[in-house]
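Notes follow once the structure below has been shown.
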Amino acid sequence: MKKALIHIGLIFTFIIIYLLQSIFFSGFTIAGVMPNIFIILMLYIGLYMGRTTGFIYGMIFGIFIDIWIGQTLGLTSFVLALIGTISGMLDRTFSKDSRIIVILMGVACTIIYEVTLYFLQFMINGINVEIFEFIKILLIEIVYNTLLIIILYPLMKFTGYEIENEVKGDKILTRYF
Amino acid sequence: MDKERKGGIIGIIVTTVILILLVIFTNTDSEKVSIIENIANNMVMPIENGLTYLKNKINNNDKFFENIEELKTENKSLKEKNSELEQQLREFEIIKNENAQLKEQLNLAEKYGEFTTVPGTIISRDISNYSKTLVINIGSDNGVQEKMTVIADEGLVGYVVTTTNKTAKIQTIIDSASATSCLASSTRDTMICKGTIENKPALSASNIATDARIIQGDSVETSGLGGIYVKGIHVGTIKKVNKGSNKTDSYATIETAVDFEKLETVLVITNQ
């Protein structure tokens, strides 16, 4: 029962983030650059629910984003699934109790997401390569995402442990020793 | 524990404030910031003035003021000339405006007379920083089909990629994956206009013929080649011509006529 509620909650969060991203953040920018909250969402799912769930959610959310606004079906889906898997793997090596570590994970995920997506766009759609402009946008986006992670971290931590207890159950022991 | 929590809350508030300030400062026009600039300047100006005066004194630069009579007469004659020129400028301005207005009326009648259009409102913008797709609130129920040209009052916007019953997805011309075949209006030189990932409404025009005579400020329109866009729709104006290291890799920057940031309603041409 509680598990079902968690999944419904995640789907609602996804829809709210999509609306925020496409309506609110397209005007609320730092020097014309939007943040990408989907990366933060995938990091959150990967960290607290494991890499398999991260992968599946990445695929599903990505497909929806591609249908709603994307140009190539499956592109965002692949990259978001990648982020979900990577953040699931990061959880095994690093502690998510520290704010700094989570921020660094967010930075890493943003870089991986944007570079992979840009490379795939270049391969599939044949867009022009503008390295300097790309790095400029990427750096501002990293700053924006970092600020958002700092703001959202307490919420992520609080709800995250509840979810982790429910989903992973007995598998987590390390935190209590 | 309590102290830690308090610190956390303060941290969040500070970060939120920084975020909002960053957003405001990076998005306001430089004119609006000038109030702060003015205040800051007024604070240091008296000191600067005094120091400059002192420096001039030391360097014997105050000889300037010796031939003050001469300067006065020169000033007077220049002022007269200036007012004369200003009056001329005003007259030109009026004529220029009138010309622009007449041209616009003539163009609009010519441009939109032959097309049947359906108006639509933008309901969603792209979530990524590297592509610029739009979603509008009209779809196949309103007669919109794939590959139809989309325009705004000022000029070309893009074309319809996919449609559903009630919505249509548009790939704009400034999207980095978009390429439009264009013509320079006066010289009739062809070029391919590609979108960039920059946050400006600008295109980069390549594949320009080696003997082309592209002029800065010339307007650019669609050529009708490629089978998607209708011929003769205004795209923008040539802002800068960049000569490459050799003749074949010269390219031009084109400023689009449509302001994509403020775009709200578009027209879909249904009878192309």
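Residue numbering restarts at 1 in every chain; chains get A, B, ... in the order shown in the structure tokens, and ligands count up from 1 in that same order.
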Report task. Just list the residues in chain A DSSP gives helix (DSSP H, G or I) on the backbone, as a PyMOL selection string. Result -> chain A and resi 2-24+37-49+51-68+75-93+99-125+131-171+174-176
Requested in this report: Show me which bits of chain A are within 6 Å of chain B, counting only C-alpha atoms, as a VMD selection string.
Outcome: chain A and resid 21 to 22 29 to 31 125 127 151
Query raised in the report: Hey, can you check how far atom CA of Asn165 of chain B sits from atom CA of Gln145 of chain B?
Result: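 Distance reported for this atom pair: 10.2 Å.
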Report task. Write out as a PyMOL selection string the residues lying within 12 Å of Leu82 of chain A, counting only C-alpha atoms and excluding same-chain residues fewer than 2 positions away. Result -> chain A and resi 39+42-43+46+51-59+62+75-80+84-89+109-110+112-114+116-117
Query raised in the report: Among segment 66-266 of chain B, which ones does DSSP place in strand (DSSP E), written as a ChimeraX atom specification?
Result: /B:117-125,133-136,149-151,156-163,168-172,179-184,190-195,202-206,219-222,234-242,251-256,265-266
Requested in this report: For Tyr18 of chain A, work out the shell of residues within 10 Å, counting only C-alpha atoms and skipping chain neighbours fewer than 6 positions away, then give it as a list of chain:residue names.
Outcome: A:Phe12, A:Phe24, A:Phe25, A:Asn36, A:Ile37, A:Phe38, A:Phe61, A:Phe64, A:Ile65, A:Trp68, B:Ser124, B:Ile127
I need the chosen residues saved as a PDB file, in the first residue's frame, with C-alpha atoms.
ATOM      1  CA  PHE A  12       3.014  13.377  -9.573  1.00  0.00           C
ATOM      2  CA  PHE A  24       8.093  28.581 -15.009  1.00  0.00           C
ATOM      3  CA  PHE A  25      11.808  28.004 -15.532  1.00  0.00           C
ATOM      4  CA  ASN A  36      17.394  20.735 -15.208  1.00  0.00           C
ATOM      5  CA  ILE A  37      15.403  19.386 -12.273  1.00  0.00           C
ATOM      6  CA  PHE A  38      14.912  16.029 -13.988  1.00  0.00           C
ATOM      7  CA  PHE A  61      10.013   9.602 -17.650  1.00  0.00           C
ATOM      8  CA  PHE A  64       7.144  10.932 -21.794  1.00  0.00           C
ATOM      9  CA  ILE A  65       9.465  13.954 -22.139  1.00  0.00           C
ATOM     10  CA  TRP A  68       5.713  15.861 -25.098  1.00  0.00           C
TER      11      TRP A  68
ATOM     12  CA  SER B 124       4.791  24.797 -23.679  1.00  0.00           C
ATOM     13  CA  ILE B 127      12.889  21.931 -21.149  1.00  0.00           C
TER      14      ILE B 127
END
Requested in this report: Work out how far atom CA of Ala205 of chain B is from atom CA of Val268 of chain B, in Å to one decimal.
Outcome: 24.6 Å
Query - Close residues, Gly9 of chain A itself excluded, 12 Å, only C-alpha atoms, min 6 positions apart in chain, as a list in words - result: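 So, after excluding close chain neighbours, the residues are Lys2, Lys3, Ile15, Ile16, Ile45, Thr159 and Ile163 of chain A.
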Query - Selected residue, from A:Tyr44, A:Phe28, A:Phe119, A:Tyr153, that lies nearest to Ser98 of chain A when counting only C-alpha atoms - result: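 Ranked by minimum distance to Ser98 of chain A, first place goes to A:Tyr153.
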